[in-house]
Amino acid sequence: MATSIGLLAQELSNGNPWWRGTQWVERDPDLSEVAQAPLSYESGCLSGLEAGNLYILRGPRRVGKTVAVKQTIRRLLDDGVRATRIIRVAVDGWDAKTLRTLVSNSTLPVLREGETRFWFLDEVSAVSGDWAQQLKWLRDNDEQFRKDTVVLTGSNARALTEAAGVLAGRRGRGSHLDRMLLPMGFRTFATTILRGDVPPGNHLSAGALRTHEARERFEGSIPWLDGLTKAWEQYLLYGGFPRSVSALLDGQPVPASFIGDLFDVVSADVFKNSQLPSATEMALLERLWKSISSPANLTSIGEDVGISNQVVTRHVEYLRDAFLLWACPQRHDSRWLPRPKAQNKLYAVDPLVARLPHLRNPARPDLDPTLLAEMQIGMAIRRRALADRPLAGNDDFLFYSRTPARKEIDFVSADLGGVAVEGKYTDRGSWKSEAATVNASEWDGILITRNVLDISDPHAAWAVPAGIFAYCLDV
């Protein structure tokens, strides 16, 4: 990105078409594609922006952050914000000093007395150099920028977490300054796929899973059991990326072009420093996701793929930084903290990410639905917890537990109100024997089944179908 002030002004003029009139929505390629797609979806991840705050929107690439920004700009304009107050710049590939030039020295439309600006800096985590320090300097020293509302988007967890620390005290006093856009949760997916033919009522909070309210919600969902079960199994195949959901609505398989996009995200972006052949990268992903539901032995994974455990560790961190993988640590024996030196369970953030090796090359085996179901139940819990406590940006609030008999319970958390969740995905009456581990634990249990609902015993584990559970809990 050139730092010439004239070229920068020209770029701003081109990239902010709402400055020139109201026809920009019809001409914008991202919004036009959304308008023509079968899926009508706005995430709301940037709703309720308060003047003067600095927000950070995190999420994987291809999840729709740029579309969310443009939809937010459209809403601001509809709410009467003067068009030339709104500035959006795609800054990936810039250097940090150009950010300072952009704010302090570029030619911008003149503000009227008392007005402030809305800045949307898209994919800021891909800026080279110490961009967070430059923004800190601007918030400290540029009187106008200090008053402006700023939204930073990015897809690198490590860079954005470090930036949040650098910008501490300069982000304003509003609430929900950290935002997250992940692939669509099951509640939204089911409402979309089933055309609104879903159970009434709001979501359950994470801490209300064995309450009287939960009992009423689970029992009240029985008339929708068939639809929610079928939608859940479609969710395990299509996931929650908007382009994939749109294909499902159109009666089409996951688009080959989108599978290619995800492969490019992993191979060319997430693993850009990998130095592994692409075939080895996919073999690593295949082996990594095969270990879902078990603590990940990185040494064993490396041996199976033919690489060192250090290389495996590095690639796990690449995926985690890109919001494509999340870790579920083992709970400490007596505290809500990770157990030192224990192996984590590793989950993909979305079924398409977990199925990518197979979708890319059908000769690689697909994942068993039981594994995908456990993964997505964990994501439903995680999304709900993140929504209930939006400052929880890491994985250290959701754990698996190991009993004295070395049996594993899939998900426990202080946020779950004394409830442990175990994913078995059975459709048989034998679920009660499979609940023995959680029944012997210190927690009340919920066993996630395929389609069995049994919440009759207040002193033993409940059986709740995955579709009902995820619909009631997820976002």
# chains A, B, ... in the order shown; residues from 1 in each chain; ligands from 1
>>> residues_around(residues="Trp289 (chain A)", least_positions_apart="5", cutoff="10 Å", atoms="only C-alpha atoms", output="PDB file with N, CA and C atoms, in the first residue's frame")
ATOM      1  N   LEU A 284      -2.281 -33.993   7.891  1.00  0.00           N
ATOM      2  CA  LEU A 284      -2.239 -33.554   9.281  1.00  0.00           C
ATOM      3  C   LEU A 284      -3.635 -33.184   9.764  1.00  0.00           C
ATOM      4  N   ALA A 296      -5.713 -34.997  22.724  1.00  0.00           N
ATOM      5  CA  ALA A 296      -4.852 -35.071  21.544  1.00  0.00           C
ATOM      6  C   ALA A 296      -3.405 -35.345  21.941  1.00  0.00           C
ATOM      7  N   LEU A 325      -9.858 -23.617  15.081  1.00  0.00           N
ATOM      8  CA  LEU A 325      -9.723 -24.696  16.064  1.00  0.00           C
ATOM      9  C   LEU A 325      -9.877 -24.102  17.451  1.00  0.00           C
ATOM     10  N   LEU A 346      -9.074 -31.222  21.067  1.00  0.00           N
ATOM     11  CA  LEU A 346      -9.023 -30.211  20.012  1.00  0.00           C
ATOM     12  C   LEU A 346     -10.213 -30.400  19.093  1.00  0.00           C
ATOM     13  N   TYR A 347     -10.951 -29.315  18.893  1.00  0.00           N
ATOM     14  CA  TYR A 347     -12.153 -29.365  18.072  1.00  0.00           C
ATOM     15  C   TYR A 347     -12.066 -28.331  16.950  1.00  0.00           C
ATOM     16  N   ALA A 348     -12.631 -28.677  15.796  1.00  0.00           N
ATOM     17  CA  ALA A 348     -12.783 -27.699  14.728  1.00  0.00           C
ATOM     18  C   ALA A 348     -13.929 -26.753  15.076  1.00  0.00           C
ATOM     19  N   VAL A 353     -14.883 -27.310   8.381  1.00  0.00           N
ATOM     20  CA  VAL A 353     -13.445 -27.292   8.657  1.00  0.00           C
ATOM     21  C   VAL A 353     -12.986 -28.706   9.009  1.00  0.00           C
ATOM     22  N   ALA A 354     -13.787 -29.415   9.801  1.00  0.00           N
ATOM     23  CA  ALA A 354     -13.429 -30.784  10.178  1.00  0.00           C
ATOM     24  C   ALA A 354     -13.520 -31.740   8.987  1.00  0.00           C
ATOM     25  N   ARG A 355     -14.432 -31.496   8.066  1.00  0.00           N
ATOM     26  CA  ARG A 355     -14.633 -32.375   6.919  1.00  0.00           C
ATOM     27  C   ARG A 355     -13.797 -31.959   5.710  1.00  0.00           C
ATOM     28  N   LEU A 356     -13.024 -30.886   5.828  1.00  0.00           N
ATOM     29  CA  LEU A 356     -12.296 -30.356   4.681  1.00  0.00           C
ATOM     30  C   LEU A 356     -11.381 -31.379   4.008  1.00  0.00           C
ATOM     31  N   PRO A 357     -10.590 -32.173   4.757  1.00  0.00           N
ATOM     32  CA  PRO A 357      -9.741 -33.156   4.057  1.00  0.00           C
ATOM     33  C   PRO A 357     -10.546 -34.102   3.173  1.00  0.00           C
ATOM     34  N   ASP A 366     -14.390 -39.584   5.664  1.00  0.00           N
ATOM     35  CA  ASP A 366     -15.190 -38.536   6.305  1.00  0.00           C
ATOM     36  C   ASP A 366     -15.255 -38.810   7.802  1.00  0.00           C
ATOM     37  N   LEU A 367     -15.636 -37.812   8.561  1.00  0.00           N
ATOM     38  CA  LEU A 367     -15.752 -37.981  10.010  1.00  0.00           C
ATOM     39  C   LEU A 367     -17.084 -38.619  10.377  1.00  0.00           C
ATOM     40  N   LEU A 371     -18.737 -37.998  16.191  1.00  0.00           N
ATOM     41  CA  LEU A 371     -17.663 -37.056  16.506  1.00  0.00           C
ATOM     42  C   LEU A 371     -18.087 -35.624  16.191  1.00  0.00           C
ATOM     43  N   LEU A 372     -18.710 -35.439  15.027  1.00  0.00           N
ATOM     44  CA  LEU A 372     -19.169 -34.099  14.652  1.00  0.00           C
ATOM     45  C   LEU A 372     -20.220 -33.593  15.632  1.00  0.00           C
TER      46      LEU A 372
END
>>> residues_around(residues="Ala190 (chain A)", least_positions_apart="3", cutoff="10 Å", atoms="only C-alpha atoms", output="ChimeraX atom specification")
/A:184-187,193-198,227-232,234-235,467,470-471
>>> select_by_dssp(residues="region 280-434 of chain A", states="strand (DSSP E or B)", output="PyMOL selection string")
chain A and resi 325-328+330-331+338+345-348+399-402+408-412+419-423
>>> select_by_dssp(residues="region 263-408 of chain A", states="alpha helix (DSSP H)", output="PyMOL selection string")
chain A and resi 263-264+278-290+298-305+309-321+351-360+369-388
>>> closest_residue(among="A:Ala208, A:Cys45, A:Leu319, A:Leu77", to="Ala157 (chain A)", atoms="only C-alpha atoms")
A:Leu319
>>> closest_residue(among="A:Ser257, A:Thr437, A:Ser456, A:Thr22", to="Leu359 (chain A)", atoms="only C-alpha atoms")
A:Ser257
>>> atom_distance(atom1="CA of Val245 (chain A)", atom2="CA of Phe411 (chain A)")
27.2 Å
>>> atom_distance(atom1="CA of Gln10 (chain A)", atom2="CA of Gly52 (chain A)")
26.6 Å
>>> residues_around(residues="Val452 (chain A)", least_positions_apart="4", cutoff="12 Å", atoms="only C-alpha atoms", output="number ranges by chain")
A: 218-219, 222, 225-226, 229, 424-432, 446-448, 462-469
>>> residues_around(residues="Pro199 (chain A)", least_positions_apart="6", cutoff="9 Å", atoms="only C-alpha atoms", output="list of chain:residue names")
A:Arg217, A:Gly220, A:Ser221, A:Ile222, A:Pro223, A:Trp224, A:Tyr471, A:Cys472
>>> write_last_selection(atoms="N, CA, C and O atoms", output="compact mmCIF listing (two decimals), in the first residue's frame")
# COMPACT_ATOMS: atom_id res chain seq x y z
N ARG A 217 -38.91 -26.31 28.42
CA ARG A 217 -38.47 -26.05 27.05
C ARG A 217 -38.20 -27.35 26.31
O ARG A 217 -38.57 -27.50 25.14
N GLY A 220 -41.51 -29.08 25.76
CA GLY A 220 -42.30 -28.31 24.81
C GLY A 220 -41.79 -28.39 23.38
O GLY A 220 -42.51 -28.02 22.44
N SER A 221 -40.57 -28.90 23.19
CA SER A 221 -40.00 -29.03 21.86
C SER A 221 -40.32 -30.35 21.18
O SER A 221 -39.95 -30.56 20.02
N ILE A 222 -41.00 -31.26 21.90
CA ILE A 222 -41.29 -32.59 21.35
C ILE A 222 -42.00 -32.52 19.99
O ILE A 222 -41.66 -33.28 19.07
N PRO A 223 -42.98 -31.63 19.78
CA PRO A 223 -43.64 -31.60 18.46
C PRO A 223 -42.69 -31.28 17.31
O PRO A 223 -43.00 -31.59 16.16
N TRP A 224 -41.54 -30.70 17.60
CA TRP A 224 -40.58 -30.33 16.55
C TRP A 224 -39.39 -31.29 16.50
O TRP A 224 -38.41 -31.00 15.82
N TYR A 471 -30.74 -26.26 19.84
CA TYR A 471 -31.67 -25.20 19.48
C TYR A 471 -31.99 -24.33 20.70
O TYR A 471 -32.04 -23.10 20.61
N CYS A 472 -32.23 -24.96 21.85
CA CYS A 472 -32.59 -24.20 23.06
C CYS A 472 -31.42 -23.39 23.60
O CYS A 472 -31.63 -22.36 24.25
>>> closest_residue(among="A:Pro404, A:Pro242, A:Gly48, A:Gly21", to="Lys65 (chain A)", atoms="only C-alpha atoms")
A:Pro242
>>> closest_residue(among="A:Asp130, A:Glu216, A:Glu434, A:Glu123", to="Ala96 (chain A)", atoms="only C-alpha atoms")
A:Asp130
>>> residues_around(residues="Ile5 (chain A)", least_positions_apart="3", cutoff="9 Å", atoms="only C-alpha atoms", output="VMD selection string")
chain A and resid 2 8 to 10 101 to 102 105 to 107
>>> residues_around(residues="Ala68 (chain A)", least_positions_apart="3", cutoff="9 Å", atoms="only C-alpha atoms", output="list in words")
Glu42, Ser43, Gly44, Cys45, Leu46, Gly64, Lys65, Gln71, Thr72, Ile73 and Leu181 of chain A
>>> residues_around(residues="Ser175 (chain A)", least_positions_apart="5", cutoff="12 Å", atoms="only C-alpha atoms", output="ChimeraX atom specification")
/A:47-55,389-391
>>> write_last_selection(atoms="all heavy atoms", output="tab-separated table (two decimals), in the first residue's frame")
chain	number	residue	atom	x	y	z
A	47	SER	N	-24.16	-4.89	16.19
A	47	SER	CA	-25.30	-4.08	16.60
A	47	SER	C	-24.97	-3.30	17.87
A	47	SER	O	-24.10	-3.68	18.64
A	47	SER	CB	-26.52	-4.98	16.84
A	47	SER	OG	-26.25	-5.90	17.88
A	48	GLY	N	-25.67	-2.21	18.07
A	48	GLY	CA	-25.54	-1.45	19.31
A	48	GLY	C	-24.21	-0.76	19.52
A	48	GLY	O	-23.73	-0.65	20.66
A	49	LEU	N	-23.57	-0.28	18.44
A	49	LEU	CA	-22.32	0.46	18.59
A	49	LEU	C	-22.58	1.77	19.32
A	49	LEU	O	-23.49	2.52	18.98
A	49	LEU	CB	-21.69	0.74	17.22
A	49	LEU	CG	-21.32	-0.47	16.36
A	49	LEU	CD1	-20.71	0.00	15.04
A	49	LEU	CD2	-20.36	-1.40	17.09
A	50	GLU	N	-21.75	2.04	20.33
A	50	GLU	CA	-21.88	3.27	21.11
A	50	GLU	C	-20.79	4.25	20.70
A	50	GLU	O	-19.63	3.87	20.54
A	50	GLU	CB	-21.79	2.96	22.60
A	50	GLU	CG	-22.86	2.01	23.10
A	50	GLU	CD	-22.68	1.65	24.57
A	50	GLU	OE1	-22.47	2.56	25.39
A	50	GLU	OE2	-22.71	0.45	24.89
A	51	ALA	N	-21.16	5.51	20.56
A	51	ALA	CA	-20.25	6.53	20.05
A	51	ALA	C	-19.00	6.62	20.91
A	51	ALA	O	-19.05	6.60	22.14
A	51	ALA	CB	-20.96	7.88	20.01
A	52	GLY	N	-17.86	6.73	20.24
A	52	GLY	CA	-16.58	6.98	20.91
A	52	GLY	C	-15.83	5.74	21.33
A	52	GLY	O	-14.68	5.85	21.79
A	53	ASN	N	-16.40	4.55	21.19
A	53	ASN	CA	-15.73	3.33	21.62
A	53	ASN	C	-14.91	2.73	20.48
A	53	ASN	O	-15.15	2.99	19.30
A	53	ASN	CB	-16.75	2.29	22.10
A	53	ASN	CG	-17.42	2.70	23.39
A	53	ASN	OD1	-16.82	3.36	24.22
A	53	ASN	ND2	-18.68	2.34	23.54
A	54	LEU	N	-13.94	1.90	20.86
A	54	LEU	CA	-13.15	1.14	19.90
A	54	LEU	C	-13.47	-0.34	20.08
A	54	LEU	O	-13.25	-0.90	21.15
A	54	LEU	CB	-11.66	1.40	20.10
A	54	LEU	CG	-10.72	0.81	19.04
A	54	LEU	CD1	-9.45	1.66	18.92
A	54	LEU	CD2	-10.32	-0.63	19.36
A	55	TYR	N	-14.03	-0.93	19.04
A	55	TYR	CA	-14.47	-2.33	19.08
A	55	TYR	C	-13.51	-3.21	18.28
A	55	TYR	O	-12.92	-2.77	17.30
A	55	TYR	CB	-15.88	-2.45	18.47
A	55	TYR	CG	-16.94	-1.68	19.21
A	55	TYR	CD1	-17.20	-0.35	18.91
A	55	TYR	CD2	-17.69	-2.29	20.21
A	55	TYR	CE1	-18.18	0.37	19.60
A	55	TYR	CE2	-18.67	-1.59	20.90
A	55	TYR	CZ	-18.91	-0.25	20.59
A	55	TYR	OH	-19.87	0.44	21.27
A	389	ARG	N	-21.11	-14.11	28.54
A	389	ARG	CA	-19.97	-13.42	29.17
A	389	ARG	C	-19.00	-13.03	28.06
A	389	ARG	O	-18.00	-13.71	27.83
A	389	ARG	CB	-19.31	-14.30	30.22
A	389	ARG	CG	-19.06	-15.72	29.80
A	389	ARG	CD	-18.42	-16.57	30.87
A	389	ARG	NE	-17.05	-16.18	31.14
A	389	ARG	CZ	-16.22	-16.85	31.92
A	389	ARG	NH1	-16.60	-17.96	32.50
A	389	ARG	NH2	-14.99	-16.43	32.12
A	390	PRO	N	-19.26	-11.93	27.36
A	390	PRO	CA	-18.53	-11.61	26.13
A	390	PRO	C	-17.06	-11.30	26.33
A	390	PRO	O	-16.33	-11.20	25.35
A	390	PRO	CB	-19.28	-10.38	25.59
A	390	PRO	CG	-19.96	-9.80	26.78
A	390	PRO	CD	-20.31	-10.95	27.66
A	391	LEU	N	-16.59	-11.16	27.56
A	391	LEU	CA	-15.16	-10.93	27.76
A	391	LEU	C	-14.37	-12.23	27.77
A	391	LEU	O	-13.15	-12.20	27.82
A	391	LEU	CB	-14.93	-10.17	29.09
A	391	LEU	CG	-15.47	-8.75	29.14
A	391	LEU	CD1	-15.16	-8.11	30.50
A	391	LEU	CD2	-14.89	-7.89	28.02
>>> atom_distance(atom1="CA of Ile86 (chain A)", atom2="CA of Gly129 (chain A)")
25.6 Å
>>> closest_residue(among="A:Tyr238, A:Phe118, A:Trp137, A:Phe271", to="Pro183 (chain A)", atoms="only C-alpha atoms")
A:Tyr238
>>> closest_atom_pairs(of="region 166-270 of chain A", to="region 311-315 of chain A", cutoff="12 Å", atoms="only C-alpha atoms", output="Markdown table")
| residue | atom | partner | partner_atom | distance |
| --- | --- | --- | --- | --- |
| A:Val266 | CA | A:His315 | CA | 10.3 |
| A:Ser267 | CA | A:His315 | CA | 10.9 |
| A:Val270 | CA | A:His315 | CA | 8.6 |
